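Visitor: Can you read through this structure? Questions will come right after.
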Amino acid sequence: MRIRVLGAAAGGGFPQWNCGCANCRKARAGSPEVSPLTQECVALSADGERWFLLNASPEIRSQVEGFPPLHPRAPRHSPIAGIILTNGDLDHCLGLLSLRESHPLVVYATDAVRRGFTEGNAVYRTLERFPGQVTWRMLLTGKESALVDDFLVEPLAAPGKPPLHLEGRAGSDPGENVGLLIHDRGRNRRLAYFSAAGDVTPAMRAAIDRADCVFFDGTFWSSDELIALGLGTKRAEDMAHIPVGGPRGSLEILKDTRAKRKLYIHVNNTNPLLCRGSPERRQAEAAGWEIAQDGMEFSL
Ligand code: MLT
Ligand code: MN
Ligand code: ZN
């Protein structure tokens, strides 16, 4: 399977428009210590022809333009065969509304994510202008679905929360946040994808251990990252993101995972992991983790 990171940042991107934190200032100044990042989106293909996007970021237009395999091959065409949503956060869904140029879309999502995006949303009607403009394919946790022939996706419930705009409205639903285990049966390779996770459940751990490669939630290094910088009042856990560092962080919890290639993604602009040579970055790298970068591409 071919994997291309189109965007590796958390919501807001890096630098974030209204952020003057040390990392964002370095990014604006062109410091060699950091590389700017767009918001999370990964493209996958089993055959190099049909591509699947994991999430639809607000920066989808430039992300598609920046990767020629996603360009049209006819006057009206797109190699994007489907888009898989892992939750309803706007940094994962807003890009769908930018794909409104009368093109049929296939979107894979749990029922909770589909309802959260479509119900009562007048703006969504821009994707309902003709029958079949969006085909929703329902993801059921624990059940494998075929993307194409030998390319399968299994969603796994991951501890999460409803998107900000639905907080206090919907009750909690185990389908509101999922990770993915994607199996290329032709090559017998598996990718585990957990870009938002409040914890590591035993089922998530088992999926990660079966994978050849894992992308994991790298939003925050520490629980109080935003609080310590005076940028917010929420702890990482309040936002359903397990921190990377610390005794209960993902670096420690996943230290013995059997996944061969391990990457942090959905990295918030405040995270010291973004700074090459920082002690936190060195610690992650010493444990065998990479920090996903826009434009990174590899095959499994
Ligand atoms: C998150 O990852 O926690 C969300 O994207 C936050 C947000 O919606 O701004
Ligand atoms: Mn996010
Ligand atoms: Zn910042």
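Labeling convention for the structure tokens: chains A, B, ... as they appear, residues from 1 per chain, ligands from 1 in order of appearance.
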List every residue of range 131-221 of chain A that DSSP, applied to the backbone of this structure, assigns to strand (DSSP E or B), and report them as an MDAnalysis selection string.
Guide: chainID A and resid 134:138 145:148 151:157 177:184 189:194 213:217
Visitor: Kindly work out which residues sit at most 6 Å from ligand 1, using only C-alpha atoms and all ligand atoms, and give the list as a list in words.
Guide: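 Residues lying within 6 Å of ligand 1: Gly11, Asp89, Leu90, Asp91, Pro163, Leu164 and Met239 of chain A.
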Visitor: Produce a file of the selected residues containing N, CA and C atoms, as an mmCIF file, in the first residue's frame.
Guide:
```
data_model
loop_
_atom_site.group_PDB
_atom_site.id
_atom_site.type_symbol
_atom_site.label_atom_id
_atom_site.label_comp_id
_atom_site.auth_asym_id
_atom_site.auth_seq_id
_atom_site.Cartn_x
_atom_site.Cartn_y
_atom_site.Cartn_z
ATOM 1 N N GLY A 11 -5.822 20.364 14.324
ATOM 2 C CA GLY A 11 -6.673 21.488 13.940
ATOM 3 C C GLY A 11 -5.949 22.811 14.169
ATOM 4 N N ASP A 89 -14.869 15.949 14.041
ATOM 5 C CA ASP A 89 -14.226 17.242 14.284
ATOM 6 C C ASP A 89 -14.072 17.996 12.956
ATOM 7 N N LEU A 90 -14.189 19.301 13.044
ATOM 8 C CA LEU A 90 -14.164 20.076 11.794
ATOM 9 C C LEU A 90 -12.832 19.957 11.068
ATOM 10 N N ASP A 91 -11.732 19.763 11.793
ATOM 11 C CA ASP A 91 -10.455 19.606 11.076
ATOM 12 C C ASP A 91 -10.434 18.299 10.267
ATOM 13 N N PRO A 163 -17.621 16.160 18.449
ATOM 14 C CA PRO A 163 -16.979 17.392 17.990
ATOM 15 C C PRO A 163 -17.465 18.588 18.812
ATOM 16 N N LEU A 164 -16.638 19.621 18.881
ATOM 17 C CA LEU A 164 -16.947 20.789 19.724
ATOM 18 C C LEU A 164 -18.354 21.333 19.477
ATOM 19 N N MET A 239 -9.654 17.085 26.070
ATOM 20 C CA MET A 239 -9.909 17.149 24.633
ATOM 21 C C MET A 239 -9.818 15.759 24.006
#
```
Visitor: Using only C-alpha atoms and all ligand atoms, which residues of the polymer chains come no farther than 9 Å from ligand 2? I'd like the answer as an MDAnalysis selection string.
Guide: chainID A and resid 9:12 39:40 87 89:92 163 195:196 219 266:268
Visitor: Take the residues just selected and output them with C-alpha atoms as a PDB file, in the first residue's frame.
Guide:
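Listed below is the output, out-v2.pdb:
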```pdb
ATOM      1  CA  ALA A   9      -0.894  18.955  11.956  1.00  0.00           C
ATOM      2  CA  ALA A  10      -3.799  19.066  14.396  1.00  0.00           C
ATOM      3  CA  GLY A  11      -6.673  21.488  13.940  1.00  0.00           C
ATOM      4  CA  GLY A  12      -5.362  24.999  13.304  1.00  0.00           C
ATOM      5  CA  GLN A  39      -4.051  19.842   8.912  1.00  0.00           C
ATOM      6  CA  GLU A  40      -4.234  16.077   9.119  1.00  0.00           C
ATOM      7  CA  ASN A  87     -14.565  11.513  13.769  1.00  0.00           C
ATOM      8  CA  ASP A  89     -14.226  17.242  14.284  1.00  0.00           C
ATOM      9  CA  LEU A  90     -14.164  20.076  11.794  1.00  0.00           C
ATOM     10  CA  ASP A  91     -10.455  19.606  11.076  1.00  0.00           C
ATOM     11  CA  HIS A  92     -11.476  16.146   9.773  1.00  0.00           C
ATOM     12  CA  PRO A 163     -16.979  17.392  17.990  1.00  0.00           C
ATOM     13  CA  SER A 195      -5.027  10.138  14.968  1.00  0.00           C
ATOM     14  CA  ALA A 196      -7.304  10.976  17.908  1.00  0.00           C
ATOM     15  CA  THR A 219      -1.515  16.244  19.506  1.00  0.00           C
ATOM     16  CA  HIS A 266      -2.251  15.353  14.286  1.00  0.00           C
ATOM     17  CA  VAL A 267       0.524  17.235  16.070  1.00  0.00           C
ATOM     18  CA  ASN A 268      -0.576  20.500  17.634  1.00  0.00           C
TER      19      ASN A 268
END
```
Visitor: Please write out the residues within 6 Å of ligand 3 as a ChimeraX atom specification, counting only C-alpha atoms and all ligand atoms.
Guide: /A:15-16,19-21,23-24,269-270
Visitor: Next, dump the selected residues to file, keeping only N, CA and C atoms, as a PDB file, in the first residue's frame.
Guide:
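So again_21.pdb came out as:
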```pdb
ATOM      1  N   PRO A  15       2.101  27.114  11.037  1.00  0.00           N
ATOM      2  CA  PRO A  15       1.598  27.864  12.184  1.00  0.00           C
ATOM      3  C   PRO A  15       0.090  28.056  12.109  1.00  0.00           C
ATOM      4  N   GLN A  16      -0.506  28.310  13.264  1.00  0.00           N
ATOM      5  CA  GLN A  16      -1.941  28.569  13.356  1.00  0.00           C
ATOM      6  C   GLN A  16      -2.177  30.073  13.254  1.00  0.00           C
ATOM      7  N   CYS A  19      -1.917  32.238  16.415  1.00  0.00           N
ATOM      8  CA  CYS A  19      -1.008  31.763  17.460  1.00  0.00           C
ATOM      9  C   CYS A  19       0.380  32.374  17.313  1.00  0.00           C
ATOM     10  N   GLY A  20       0.847  32.912  18.414  1.00  0.00           N
ATOM     11  CA  GLY A  20       2.199  33.463  18.442  1.00  0.00           C
ATOM     12  C   GLY A  20       3.081  32.696  19.410  1.00  0.00           C
ATOM     13  N   CYS A  21       2.807  31.392  19.586  1.00  0.00           N
ATOM     14  CA  CYS A  21       3.666  30.574  20.464  1.00  0.00           C
ATOM     15  C   CYS A  21       5.059  30.450  19.834  1.00  0.00           C
ATOM     16  N   ASN A  23       6.815  27.939  18.794  1.00  0.00           N
ATOM     17  CA  ASN A  23       6.876  27.119  17.573  1.00  0.00           C
ATOM     18  C   ASN A  23       6.312  27.882  16.375  1.00  0.00           C
ATOM     19  N   CYS A  24       5.146  28.493  16.549  1.00  0.00           N
ATOM     20  CA  CYS A  24       4.518  29.202  15.419  1.00  0.00           C
ATOM     21  C   CYS A  24       5.396  30.364  14.957  1.00  0.00           C
ATOM     22  N   ASN A 269       0.358  22.652  17.087  1.00  0.00           N
ATOM     23  CA  ASN A 269       1.470  23.595  16.841  1.00  0.00           C
ATOM     24  C   ASN A 269       2.264  23.940  18.103  1.00  0.00           C
ATOM     25  N   THR A 270       1.697  23.699  19.268  1.00  0.00           N
ATOM     26  CA  THR A 270       2.413  23.987  20.516  1.00  0.00           C
ATOM     27  C   THR A 270       3.359  22.857  20.937  1.00  0.00           C
TER      28      THR A 270
END
```
Visitor: Counting only C-alpha atoms, what is within 10 Å of Arg4 in chain A, bar same-chain residues fewer than 5 positions away, as a count of residues only?
Guide: 14
Visitor: Considering only C-alpha atoms, return as a list of chain:residue names whatever protein or nucleic-acid residues lie within 8 Å of Ser35 in chain A, sequence-local ones (same chain, fewer than 5 positions apart) excluded.
Guide: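 My reading of the contact set: A:Ala27, A:Gly30, A:Leu274, A:Gln293.
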Visitor: Next, the residues of the selection above should be written as a short mmCIF file (atom, residue, chain, number, x, y, z; two decimals), in the first residue's frame with all heavy atoms.
Guide:
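Output file out-v8.cif follows:
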```
data_model
loop_
_atom_site.label_atom_id
_atom_site.label_comp_id
_atom_site.auth_asym_id
_atom_site.auth_seq_id
_atom_site.Cartn_x
_atom_site.Cartn_y
_atom_site.Cartn_z
N ALA A 27 8.11 28.93 12.88
CA ALA A 27 7.62 28.52 11.56
C ALA A 27 7.49 29.74 10.65
O ALA A 27 7.87 29.70 9.47
CB ALA A 27 6.28 27.79 11.69
N GLY A 30 10.72 31.00 9.26
CA GLY A 30 11.46 30.09 8.37
C GLY A 30 12.60 29.38 9.06
O GLY A 30 13.58 28.98 8.43
N LEU A 274 7.57 19.15 17.49
CA LEU A 274 7.71 19.76 16.15
C LEU A 274 9.08 20.38 15.95
O LEU A 274 9.46 20.70 14.83
CB LEU A 274 6.63 20.83 15.94
CG LEU A 274 5.21 20.29 15.78
CD1 LEU A 274 4.22 21.44 15.65
CD2 LEU A 274 5.12 19.37 14.57
N GLN A 293 5.38 14.28 8.60
CA GLN A 293 5.62 15.57 7.95
C GLN A 293 4.79 15.61 6.68
O GLN A 293 4.62 14.58 6.01
CB GLN A 293 7.10 15.70 7.54
CG GLN A 293 8.07 15.66 8.70
CD GLN A 293 7.98 16.91 9.57
OE1 GLN A 293 7.92 18.02 9.08
NE2 GLN A 293 7.94 16.71 10.88
#
```
Visitor: Here is a test: counting only C-alpha atoms, which residue of A:Met1, A:Thr141, A:Ile208, A:Pro243 is nearest to Glu225 in chain A?
Guide: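 Ranking A:Met1, A:Thr141, A:Ile208, A:Pro243 by distance to Glu225 in chain A, first place goes to A:Pro243.
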Visitor: To one decimal in Å, tell me the separation between CA of Tyr124 in chain A and CA of Phe215 in chain A.
Guide: 29.4 Å
Visitor: My list of candidates is A:His71, A:Arg114, A:Arg235, A:Arg76. Which is closest to Val134 in chain A when distances are computed with only C-alpha atoms?
Guide: A:Arg114
Visitor: Between CA of Leu191 in chain A and CA of Leu300 in chain A, what is the distance in Å, rounded to a tenth?
Guide: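 Spanning CA of Leu191 in chain A to CA of Leu300 in chain A is a straight-line distance of 8.2 Å.
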